[in-house]
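*Asks:* Enclosed is the structure file query_10.pdb (PDB, C-alpha atoms).
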```pdb
MODEL        1
ATOM      1  CA  MET A  19     109.416  69.091  69.977
ATOM      2  CA  ALA A  20     106.891  71.930  69.917
ATOM      3  CA  LEU A  21     105.257  72.669  73.244
ATOM      4  CA  LYS A  22     101.794  72.094  71.741
ATOM      5  CA  ASP A  23     102.837  68.519  70.975
ATOM      6  CA  GLN A  24     103.539  67.955  74.672
ATOM      7  CA  ILE A  25     100.418  69.427  76.307
ATOM      8  CA  PRO A  26      97.264  71.378  75.328
ATOM      9  CA  PHE A  27      97.077  75.104  76.009
ATOM     10  CA  GLY A  28      94.184  77.295  77.050
ATOM     11  CA  MET A  29      93.807  81.035  76.488
ATOM     12  CA  SER A  30      92.262  83.623  78.786
ATOM     13  CA  LEU A  31      89.591  85.905  77.435
ATOM     14  CA  PRO A  32      90.304  89.632  78.030
ATOM     15  CA  HIS A  33      87.590  89.865  80.681
ATOM     16  CA  ARG A  34      89.481  91.518  83.566
ATOM     17  CA  SER A  35      91.774  94.519  83.343
ATOM     18  CA  PRO A  36      92.762  97.785  85.043
ATOM     19  CA  ASP A  37      91.762  99.407  81.760
ATOM     20  CA  THR A  38      88.394  99.555  80.037
ATOM     21  CA  ILE A  39      87.672  96.278  78.273
ATOM     22  CA  GLY A  40      85.097  95.704  75.580
ATOM     23  CA  MET A  41      83.316  92.937  73.747
ATOM     24  CA  THR A  42      85.258  93.611  70.553
ATOM     25  CA  ALA A  43      88.382  92.261  72.234
ATOM     26  CA  VAL A  44      86.504  89.283  73.704
ATOM     27  CA  HIS A  45      85.010  88.495  70.294
ATOM     28  CA  HIS A  46      88.376  88.628  68.531
ATOM     29  CA  VAL A  47      90.291  86.565  71.096
ATOM     30  CA  ALA A  48      87.555  83.918  71.279
ATOM     31  CA  GLN A  49      87.390  83.395  67.533
ATOM     32  CA  ARG A  50      91.104  83.698  66.874
ATOM     33  CA  ALA A  51      92.051  81.344  69.736
ATOM     34  CA  GLU A  52      89.699  78.742  68.296
ATOM     35  CA  ALA A  53      91.099  79.199  64.783
ATOM     36  CA  LEU A  54      94.675  78.847  66.045
ATOM     37  CA  GLY A  55      93.944  75.621  67.881
ATOM     38  CA  PHE A  56      93.948  76.560  71.559
ATOM     39  CA  ARG A  57      91.953  73.944  73.462
ATOM     40  CA  ASP A  58      89.930  76.153  75.788
ATOM     41  CA  LEU A  59      88.972  79.698  76.762
ATOM     42  CA  TRP A  60      88.904  80.808  80.403
ATOM     43  CA  VAL A  61      87.644  83.590  82.629
ATOM     44  CA  THR A  62      87.715  84.233  86.379
ATOM     45  CA  GLU A  63      85.047  85.307  88.857
ATOM     46  CA  ASN A  64      85.647  88.665  90.568
ATOM     47  CA  THR A  65      82.280  90.163  91.481
ATOM     48  CA  LEU A  66      83.420  92.893  93.857
ATOM     49  CA  ASP A  67      86.651  94.014  92.260
ATOM     50  CA  HIS A  68      88.788  97.140  92.087
ATOM     51  CA  VAL A  69      89.301  96.701  88.309
ATOM     52  CA  ASN A  70      86.972  96.007  85.388
ATOM     53  CA  SER A  71      85.731  92.409  85.448
ATOM     54  CA  PHE A  72      82.956  90.738  83.437
ATOM     55  CA  ASP A  73      80.606  88.183  84.947
ATOM     56  CA  PRO A  74      82.002  84.749  83.993
ATOM     57  CA  VAL A  75      78.787  83.090  82.818
ATOM     58  CA  VAL A  76      77.775  86.095  80.721
ATOM     59  CA  ALA A  77      81.240  86.354  79.132
ATOM     60  CA  LEU A  78      81.393  82.635  78.358
ATOM     61  CA  THR A  79      77.868  82.614  76.958
ATOM     62  CA  TYR A  80      78.930  85.328  74.543
ATOM     63  CA  ALA A  81      82.073  83.364  73.667
ATOM     64  CA  ALA A  82      79.948  80.254  73.082
ATOM     65  CA  ALA A  83      77.813  82.190  70.594
ATOM     66  CA  VAL A  84      80.770  83.298  68.461
ATOM     67  CA  THR A  85      82.675  79.976  68.476
ATOM     68  CA  SER A  86      81.815  76.356  67.718
ATOM     69  CA  ARG A  87      84.561  74.031  69.000
ATOM     70  CA  ILE A  88      86.749  75.567  71.670
ATOM     71  CA  ARG A  89      85.949  74.624  75.274
ATOM     72  CA  LEU A  90      84.761  77.220  77.818
ATOM     73  CA  GLY A  91      85.870  77.374  81.442
ATOM     74  CA  ALA A  92      85.846  79.579  84.541
ATOM     75  CA  SER A  93      88.537  79.253  87.187
ATOM     76  CA  VAL A  94      87.369  79.652  89.750
ATOM     77  CA  ILE A  95      83.722  80.040  90.749
ATOM     78  CA  VAL A  96      83.572  80.622  94.513
ATOM     79  CA  LEU A  97      80.798  78.199  95.414
ATOM     80  CA  ALA A  98      80.130  79.627  98.878
ATOM     81  CA  ILE A  99      78.695  82.867  97.468
ATOM     82  CA  HIS A 100      76.222  81.067  95.189
ATOM     83  CA  SER A 101      73.325  78.687  95.491
ATOM     84  CA  PRO A 102      74.536  75.325  94.115
ATOM     85  CA  VAL A 103      71.118  74.930  92.507
ATOM     86  CA  MET A 104      71.648  78.121  90.513
ATOM     87  CA  VAL A 105      75.240  77.168  89.618
ATOM     88  CA  ALA A 106      74.034  73.766  88.408
ATOM     89  CA  HIS A 107      71.379  75.393  86.213
ATOM     90  CA  GLN A 108      73.641  78.089  84.780
ATOM     91  CA  TRP A 109      76.407  75.668  83.850
ATOM     92  CA  ALA A 110      74.047  73.007  82.526
ATOM     93  CA  THR A 111      72.558  75.710  80.311
ATOM     94  CA  LEU A 112      76.003  76.857  79.162
ATOM     95  CA  ASP A 113      76.950  73.263  78.372
ATOM     96  CA  TYR A 114      73.664  72.771  76.521
ATOM     97  CA  ILE A 115      73.823  75.903  74.349
ATOM     98  CA  SER A 116      77.536  75.389  73.588
ATOM     99  CA  GLY A 117      77.064  71.772  72.517
ATOM    100  CA  GLY A 118      78.964  70.296  75.444
ATOM    101  CA  ARG A 119      81.939  72.610  75.895
ATOM    102  CA  ALA A 120      81.698  73.801  79.522
ATOM    103  CA  ILE A 121      84.334  73.296  82.229
ATOM    104  CA  LEU A 122      83.454  74.442  85.744
ATOM    105  CA  ALA A 123      86.356  75.091  88.113
ATOM    106  CA  VAL A 124      85.441  75.827  91.719
ATOM    107  CA  GLY A 125      87.133  76.958  94.911
ATOM    108  CA  LEU A 126      86.481  77.581  98.584
ATOM    109  CA  GLY A 127      87.205  81.286  98.279
ATOM    110  CA  ARG A 128      88.949  83.650 100.670
ATOM    111  CA  GLU A 129      87.868  85.137 103.983
ATOM    112  CA  ASP A 130      86.771  88.354 102.281
ATOM    113  CA  HIS A 131      84.330  86.463 100.032
ATOM    114  CA  TYR A 132      82.455  85.197 103.091
ATOM    115  CA  ARG A 133      82.447  88.649 104.666
ATOM    116  CA  GLN A 134      81.387  90.517 101.529
ATOM    117  CA  PHE A 135      78.575  88.111 100.684
ATOM    118  CA  GLN A 136      77.555  87.568 104.315
ATOM    119  CA  VAL A 137      78.100  83.813 104.266
ATOM    120  CA  PRO A 138      79.284  82.164 107.513
ATOM    121  CA  GLU A 139      82.767  80.671 107.315
ATOM    122  CA  GLU A 140      81.898  78.013 109.876
ATOM    123  CA  GLY A 141      81.651  74.606 108.226
ATOM    124  CA  ARG A 142      82.903  75.914 104.893
ATOM    125  CA  VAL A 143      84.568  72.645 103.821
ATOM    126  CA  ARG A 144      81.404  70.670 104.591
ATOM    127  CA  ARG A 145      79.349  73.299 102.745
ATOM    128  CA  PHE A 146      81.685  73.024  99.756
ATOM    129  CA  ARG A 147      81.352  69.230  99.649
ATOM    130  CA  GLU A 148      77.562  69.458  99.810
ATOM    131  CA  GLU A 149      77.507  72.038  97.016
ATOM    132  CA  LEU A 150      79.477  69.697  94.751
ATOM    133  CA  GLU A 151      77.152  66.818  95.613
ATOM    134  CA  VAL A 152      74.062  68.906  94.843
ATOM    135  CA  ILE A 153      75.451  70.138  91.508
ATOM    136  CA  ARG A 154      76.420  66.657  90.331
ATOM    137  CA  ALA A 155      73.092  65.205  91.441
ATOM    138  CA  LEU A 156      71.071  67.853  89.589
ATOM    139  CA  TRP A 157      73.179  67.269  86.471
ATOM    140  CA  THR A 158      72.776  63.492  86.443
ATOM    141  CA  GLN A 159      69.518  62.505  88.178
ATOM    142  CA  PRO A 160      65.916  62.942  86.928
ATOM    143  CA  LYS A 161      64.753  63.832  90.453
ATOM    144  CA  VAL A 162      66.965  64.813  93.372
ATOM    145  CA  THR A 163      66.232  64.300  97.033
ATOM    146  CA  TYR A 164      69.096  65.528  99.170
ATOM    147  CA  SER A 165      69.401  65.972 102.920
ATOM    148  CA  GLY A 166      72.554  67.690 104.116
ATOM    149  CA  ARG A 167      73.617  70.030 106.865
ATOM    150  CA  PHE A 168      73.392  73.087 104.626
ATOM    151  CA  TYR A 169      71.212  72.024 101.694
ATOM    152  CA  GLN A 170      67.985  70.057 101.382
ATOM    153  CA  LEU A 171      66.054  69.136  98.244
ATOM    154  CA  GLU A 172      62.983  66.959  97.746
ATOM    155  CA  ASP A 173      62.100  65.566  94.318
ATOM    156  CA  ALA A 174      63.860  68.519  92.664
ATOM    157  CA  MET A 175      63.956  68.434  88.863
ATOM    158  CA  MET A 176      66.252  70.483  86.646
ATOM    159  CA  ALA A 177      66.343  70.788  82.883
ATOM    160  CA  PRO A 178      68.014  71.009  80.506
ATOM    161  CA  LYS A 179      70.659  68.521  81.546
ATOM    162  CA  PRO A 180      74.230  69.085  80.394
ATOM    163  CA  VAL A 181      75.280  67.592  77.066
ATOM    164  CA  GLN A 182      78.503  66.095  78.431
ATOM    165  CA  LEU A 183      78.157  62.697  80.102
ATOM    166  CA  PRO A 184      78.116  61.935  82.900
ATOM    167  CA  HIS A 185      78.434  65.726  83.399
ATOM    168  CA  PRO A 186      80.750  68.654  82.574
ATOM    169  CA  PRO A 187      84.152  68.302  84.231
ATOM    170  CA  ILE A 188      84.529  70.024  87.580
ATOM    171  CA  TRP A 189      88.047  71.242  88.258
ATOM    172  CA  MET A 190      89.269  72.696  91.529
ATOM    173  CA  GLY A 191      91.456  75.764  91.914
ATOM    174  CA  VAL A 192      92.877  75.402  95.409
ATOM    175  CA  GLY A 193      96.326  75.878  96.912
ATOM    176  CA  HIS A 194      96.444  74.621 100.487
ATOM    177  CA  PRO A 195      97.960  71.107 100.630
ATOM    178  CA  ASP A 196      94.851  69.699 102.330
ATOM    179  CA  ALA A 197      92.633  71.190  99.622
ATOM    180  CA  VAL A 198      94.938  69.894  96.889
ATOM    181  CA  ARG A 199      94.587  66.413  98.384
ATOM    182  CA  ARG A 200      90.800  66.783  98.407
ATOM    183  CA  ALA A 201      90.906  67.654  94.714
ATOM    184  CA  ALA A 202      92.182  64.152  93.982
ATOM    185  CA  SER A 203      88.861  62.629  95.042
ATOM    186  CA  LEU A 204      86.416  65.514  94.550
ATOM    187  CA  ALA A 205      87.503  67.022  91.228
ATOM    188  CA  ASP A 206      88.047  66.121  87.588
ATOM    189  CA  GLY A 207      91.063  68.422  87.226
ATOM    190  CA  TRP A 208      93.171  70.967  89.141
ATOM    191  CA  MET A 209      94.451  74.439  88.252
ATOM    192  CA  GLY A 210      96.956  76.470  90.245
ATOM    193  CA  ALA A 211      96.006  80.116  90.654
ATOM    194  CA  GLY A 212      97.649  82.782  88.524
ATOM    195  CA  GLY A 213      98.669  84.717  91.606
ATOM    196  CA  SER A 214     100.358  81.700  93.187
ATOM    197  CA  SER A 215     104.063  81.279  92.681
ATOM    198  CA  VAL A 216     105.769  78.841  90.362
ATOM    199  CA  ALA A 217     107.460  77.398  93.459
ATOM    200  CA  GLU A 218     104.029  76.741  95.016
ATOM    201  CA  PHE A 219     102.986  74.946  91.845
ATOM    202  CA  ALA A 220     106.109  72.799  91.995
ATOM    203  CA  ARG A 221     105.284  71.863  95.597
ATOM    204  CA  SER A 222     101.606  71.161  94.909
ATOM    205  CA  VAL A 223     102.024  68.807  91.958
ATOM    206  CA  PRO A 224     103.689  65.950  93.899
ATOM    207  CA  VAL A 225     101.079  66.321  96.662
ATOM    208  CA  LEU A 226      98.299  66.017  94.097
ATOM    209  CA  LYS A 227      99.887  63.100  92.248
ATOM    210  CA  GLN A 228     100.423  61.168  95.466
ATOM    211  CA  ALA A 229      96.796  61.756  96.466
ATOM    212  CA  LEU A 230      95.574  60.685  93.026
ATOM    213  CA  GLU A 231      97.516  57.439  93.213
ATOM    214  CA  LYS A 232      96.128  56.819  96.700
ATOM    215  CA  VAL A 233      92.536  56.938  95.415
ATOM    216  CA  GLY A 234      93.355  54.926  92.295
ATOM    217  CA  ARG A 235      93.353  57.707  89.716
ATOM    218  CA  ASP A 236      95.932  58.137  86.960
ATOM    219  CA  PRO A 237      98.006  61.354  87.392
ATOM    220  CA  GLU A 238      98.912  61.251  83.707
ATOM    221  CA  ILE A 239      95.250  61.573  82.685
ATOM    222  CA  PHE A 240      94.015  63.885  85.448
ATOM    223  CA  PRO A 241      94.346  67.521  84.229
ATOM    224  CA  ILE A 242      97.076  69.382  86.135
ATOM    225  CA  SER A 243      97.223  73.024  85.111
ATOM    226  CA  LYS A 244      98.211  76.542  86.143
ATOM    227  CA  ARG A 245      97.016  79.955  85.074
ATOM    228  CA  ILE A 246     100.069  81.861  83.837
ATOM    229  CA  PHE A 247      99.980  85.653  83.789
ATOM    230  CA  LEU A 248     102.430  86.608  81.054
ATOM    231  CA  ALA A 249     103.882  89.245  78.803
ATOM    232  CA  VAL A 250     106.141  88.651  75.827
ATOM    233  CA  ASP A 251     108.162  91.168  73.834
ATOM    234  CA  GLU A 252     111.422  91.175  71.904
ATOM    235  CA  ARG A 253     112.476  93.801  74.461
ATOM    236  CA  PRO A 254     112.452  91.916  77.781
ATOM    237  CA  GLU A 255     112.286  95.125  79.804
ATOM    238  CA  VAL A 256     108.990  96.028  78.082
ATOM    239  CA  ALA A 257     107.511  92.610  78.853
ATOM    240  CA  ARG A 258     108.547  92.827  82.493
ATOM    241  CA  ALA A 259     107.127  96.340  82.873
ATOM    242  CA  GLU A 260     103.756  95.243  81.475
ATOM    243  CA  LEU A 261     103.548  92.266  83.819
ATOM    244  CA  ASN A 262     104.724  94.334  86.767
ATOM    245  CA  ARG A 263     101.913  96.821  86.157
ATOM    246  CA  TRP A 264      99.427  93.935  86.301
ATOM    247  CA  PHE A 265     100.752  92.481  89.531
ATOM    248  CA  THR A 266     101.001  95.953  91.069
ATOM    249  CA  GLU A 267      97.575  97.288  90.069
ATOM    250  CA  VAL A 268      95.487  94.111  90.121
ATOM    251  CA  TYR A 269      97.156  91.962  92.783
ATOM    252  CA  HIS A 270      98.920  94.699  94.771
ATOM    253  CA  ASN A 271     101.873  92.330  94.750
ATOM    254  CA  PRO A 272     104.720  93.538  92.536
ATOM    255  CA  ALA A 273     106.864  90.637  93.772
ATOM    256  CA  GLY A 274     104.563  88.340  91.809
ATOM    257  CA  THR A 275     106.037  89.672  88.587
ATOM    258  CA  ASP A 276     109.061  87.428  88.935
ATOM    259  CA  VAL A 277     107.838  84.632  91.240
ATOM    260  CA  SER A 278     104.401  83.977  89.725
ATOM    261  CA  GLY A 279     104.380  85.344  86.176
ATOM    262  CA  VAL A 280     106.179  84.593  82.943
ATOM    263  CA  HIS A 281     107.799  87.388  80.946
ATOM    264  CA  GLY A 282     110.588  88.035  78.479
ATOM    265  CA  THR A 283     111.482  87.424  74.853
ATOM    266  CA  PRO A 284     109.694  84.654  72.947
ATOM    267  CA  GLU A 285     112.573  82.273  73.621
ATOM    268  CA  GLN A 286     112.660  83.136  77.321
ATOM    269  CA  VAL A 287     108.902  82.602  77.617
ATOM    270  CA  ARG A 288     109.163  79.287  75.777
ATOM    271  CA  GLU A 289     111.834  78.122  78.217
ATOM    272  CA  GLN A 290     109.724  79.121  81.233
ATOM    273  CA  LEU A 291     106.670  77.281  79.901
ATOM    274  CA  ALA A 292     108.821  74.205  79.250
ATOM    275  CA  GLU A 293     109.958  74.351  82.882
ATOM    276  CA  LEU A 294     106.326  74.262  84.057
ATOM    277  CA  ILE A 295     105.688  71.230  81.849
ATOM    278  CA  GLY A 296     108.748  69.637  83.419
ATOM    279  CA  MET A 297     107.216  70.248  86.859
ATOM    280  CA  GLY A 298     104.208  68.124  85.888
ATOM    281  CA  ALA A 299     101.765  70.439  84.108
ATOM    282  CA  ASN A 300      99.762  68.601  81.439
ATOM    283  CA  HIS A 301      97.752  71.741  80.576
ATOM    284  CA  LEU A 302      98.553  75.439  80.897
ATOM    285  CA  LEU A 303      96.258  78.455  80.791
ATOM    286  CA  LEU A 304      98.000  81.392  79.140
ATOM    287  CA  ASN A 305      96.786  84.754  80.422
ATOM    288  CA  PRO A 306      98.249  87.787  78.609
ATOM    289  CA  VAL A 307      97.861  90.930  80.701
ATOM    290  CA  SER A 308      97.808  93.482  77.859
ATOM    291  CA  ARG A 309      97.871  93.818  74.057
ATOM    292  CA  HIS A 310      95.625  90.757  73.930
ATOM    293  CA  ALA A 311      95.344  90.312  70.150
ATOM    294  CA  GLU A 312      99.079  90.759  69.643
ATOM    295  CA  GLN A 313     100.012  88.541  72.584
ATOM    296  CA  LEU A 314      97.642  85.813  71.393
ATOM    297  CA  GLU A 315      99.511  85.612  68.091
ATOM    298  CA  ALA A 316     102.881  85.652  69.866
ATOM    299  CA  MET A 317     101.861  82.839  72.209
ATOM    300  CA  ALA A 318     100.555  80.747  69.311
ATOM    301  CA  GLU A 319     103.994  81.088  67.729
ATOM    302  CA  ILE A 320     105.794  80.253  70.965
ATOM    303  CA  VAL A 321     103.877  77.036  71.691
ATOM    304  CA  GLY A 322     103.901  75.929  68.042
ATOM    305  CA  LEU A 323     100.304  76.523  66.975
ATOM    306  CA  ARG A 324     101.427  78.583  64.000
TER     307      ARG A 324
ENDMDL
END
```
Here is the file; what I need is its structure written in the form of structure tokens.
*Replies:*
Amino acid sequence: MALKDQIPFGMSLPHRSPDTIGMTAVHHVAQRAEALGFRDLWVTENTLDHVNSFDPVVALTYAAAVTSRIRLGASVIVLAIHSPVMVAHQWATLDYISGGRAILAVGLGREDHYRQFQVPEEGRVRRFREELEVIRALWTQPKVTYSGRFYQLEDAMMAPKPVQLPHPPIWMGVGHPDAVRRAASLADGWMGAGGSSVAEFARSVPVLKQALEKVGRDPEIFPISKRIFLAVDERPEVARAELNRWFTEVYHNPAGTDVSGVHGTPEQVREQLAELIGMGANHLLLNPVSRHAEQLEAMAEIVGLR
């Protein structure tokens, strides 16, 4: 059975790279991924970064303008460094102009996010919960009155509302077991980070499924995904070298090449993706790290989209 008959696949836009990236590549990947039948396009948020990185909302707005069906997601938006009111408005607008194609994935962020953006870490989980409550309220209610520890609103109105009902899905991209458990009740989907190891993904999935069952949600329906940094080539040494450059220059973690990424010949990559499906993934985000147009075609062949 083709992999695409087992789960849907997403594709990363070429929005972050050690090299110069341009809108020509974004345009091509967005339109070609849609034509091939990938389910969604994804970006990340890396505002203060040591490599080139586009703003996620701007990149996805452009992608929305040059496509018509494929869904549009960011994994993850670090909520702590944004006003939830602004996030709600941006993503409602993206959903509106795209005809209901937005997926918002959010995370708590790392210690350096709080330091760089001068946001106190104290109470960060409570802040995160309030931010989600504010966003959902602004998306679904005509007027919002909210009284929390960190956020207060009185008769706040926001338009346009999202197209998707009751609202665009909110996924969480978190790794700590406690945060994974929270995702079962707070989120509409979960995505393991690209820099996290395959072993971490294997450990997180049972934790998430158990938590989902505890709150009465179906683990077979709830999206369980992972971003996969990958490189494919008929010469496996070339694929590994490309992925190793990514993990070395972007993540400063060359060990991630073999513990977090996927690389090798088309058959080797297919086997590694099948293993992730066997671990419980019901969606995978494929993130080529170079030669984006060529790798997009190769991945479509590997998963059975062409």
*Asks:* Once the PyMOL selection byres ((chain A and resi 85-94) around 8) is applied to the coordinates I shared, what remains selected? I want it as a PyMOL selection string.
*Replies:* chain A and resi 48-49+52+56-63+74+78+81-84+95-96+116+119-125+190-191+209
*Asks:* Can you spell out as a PyMOL selection string the set of residues that the PyMOL selection byres ((chain A and resi 143) around 12) selects in the structure I just provided?
*Replies:* chain A and resi 97-98+125-127+138-142+144-150+167-168+196-197+200+204
*Asks:* Counting all atoms listed in the file, which residues have an atom no more than 7 Å from (94.6, 92.1, 85.1) in the file's coordinates? Please list them as a PyMOL selection string.
*Replies:* chain A and resi 34-36+264+268+307
*Asks:* Find the residues around stretch 218-226 of chain A up to 9 Å (only C-alpha atoms counted), leave out those fewer than 4 positions away in its own chain, and share them as a list in words.
*Replies:*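 My list of contacting residues is Gly193, His194, Pro195, Val198, Arg199, Arg200, Ala201, Ala202, Trp208, Gly210, Ala211, Ser214, Leu230, Glu231, Pro237, Ile242, Lys244, Ser278, Leu294, Met297, Gly298 and Ala299 of chain A.
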*Asks:* Using all atoms listed in the file for the distances, tell me which of A:Leu314, A:Val250, A:Glu255, A:His301 is nearest to A:Glu285.
*Replies:* A:Val250
*Asks:* What is the atom CA of A:Glu315 to atom CA of A:Gly117 distance in Å?
*Replies:* 26.7 Å
*Asks:* Take stretch 54-87 of chain A from the block and save it with C-alpha atoms, as a PDB file, in the first residue's frame.
*Replies:*
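Done, and the output landed in selection37.pdb:
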```pdb
ATOM      1  CA  LEU A  54       0.690  16.883  -6.511  1.00  0.00           C
ATOM      2  CA  GLY A  55      -1.854  16.397  -3.755  1.00  0.00           C
ATOM      3  CA  PHE A  56      -0.005  17.240  -0.549  1.00  0.00           C
ATOM      4  CA  ARG A  57      -2.569  18.155   2.103  1.00  0.00           C
ATOM      5  CA  ASP A  58      -0.917  21.191   3.665  1.00  0.00           C
ATOM      6  CA  LEU A  59       1.957  23.671   3.509  1.00  0.00           C
ATOM      7  CA  TRP A  60       3.909  24.647   6.628  1.00  0.00           C
ATOM      8  CA  VAL A  61       6.358  27.229   7.904  1.00  0.00           C
ATOM      9  CA  THR A  62       8.005  27.895  11.269  1.00  0.00           C
ATOM     10  CA  GLU A  63       8.450  31.048  13.337  1.00  0.00           C
ATOM     11  CA  ASN A  64      12.061  32.140  13.914  1.00  0.00           C
ATOM     12  CA  THR A  65      12.112  35.909  14.374  1.00  0.00           C
ATOM     13  CA  LEU A  66      15.616  36.332  15.769  1.00  0.00           C
ATOM     14  CA  ASP A  67      17.539  33.712  13.849  1.00  0.00           C
ATOM     15  CA  HIS A  68      21.092  33.097  12.680  1.00  0.00           C
ATOM     16  CA  VAL A  69      19.868  31.989   9.217  1.00  0.00           C
ATOM     17  CA  ASN A  70      17.418  33.429   6.693  1.00  0.00           C
ATOM     18  CA  SER A  71      13.825  33.026   7.885  1.00  0.00           C
ATOM     19  CA  PHE A  72      10.608  34.563   6.538  1.00  0.00           C
ATOM     20  CA  ASP A  73       7.828  35.774   8.804  1.00  0.00           C
ATOM     21  CA  PRO A  74       5.247  32.950   8.937  1.00  0.00           C
ATOM     22  CA  VAL A  75       2.084  34.990   8.387  1.00  0.00           C
ATOM     23  CA  VAL A  76       3.599  36.915   5.480  1.00  0.00           C
ATOM     24  CA  ALA A  77       4.892  33.720   3.831  1.00  0.00           C
ATOM     25  CA  LEU A  78       1.573  31.913   4.244  1.00  0.00           C
ATOM     26  CA  THR A  79      -0.397  34.897   2.979  1.00  0.00           C
ATOM     27  CA  TYR A  80       1.693  34.798  -0.176  1.00  0.00           C
ATOM     28  CA  ALA A  81       1.156  31.039  -0.452  1.00  0.00           C
ATOM     29  CA  ALA A  82      -2.594  31.557  -0.010  1.00  0.00           C
ATOM     30  CA  ALA A  83      -2.596  33.990  -2.939  1.00  0.00           C
ATOM     31  CA  VAL A  84      -0.959  31.545  -5.359  1.00  0.00           C
ATOM     32  CA  THR A  85      -2.942  28.429  -4.349  1.00  0.00           C
ATOM     33  CA  SER A  86      -6.619  27.575  -3.935  1.00  0.00           C
ATOM     34  CA  ARG A  87      -7.023  24.282  -2.042  1.00  0.00           C
TER      35      ARG A  87
END
```
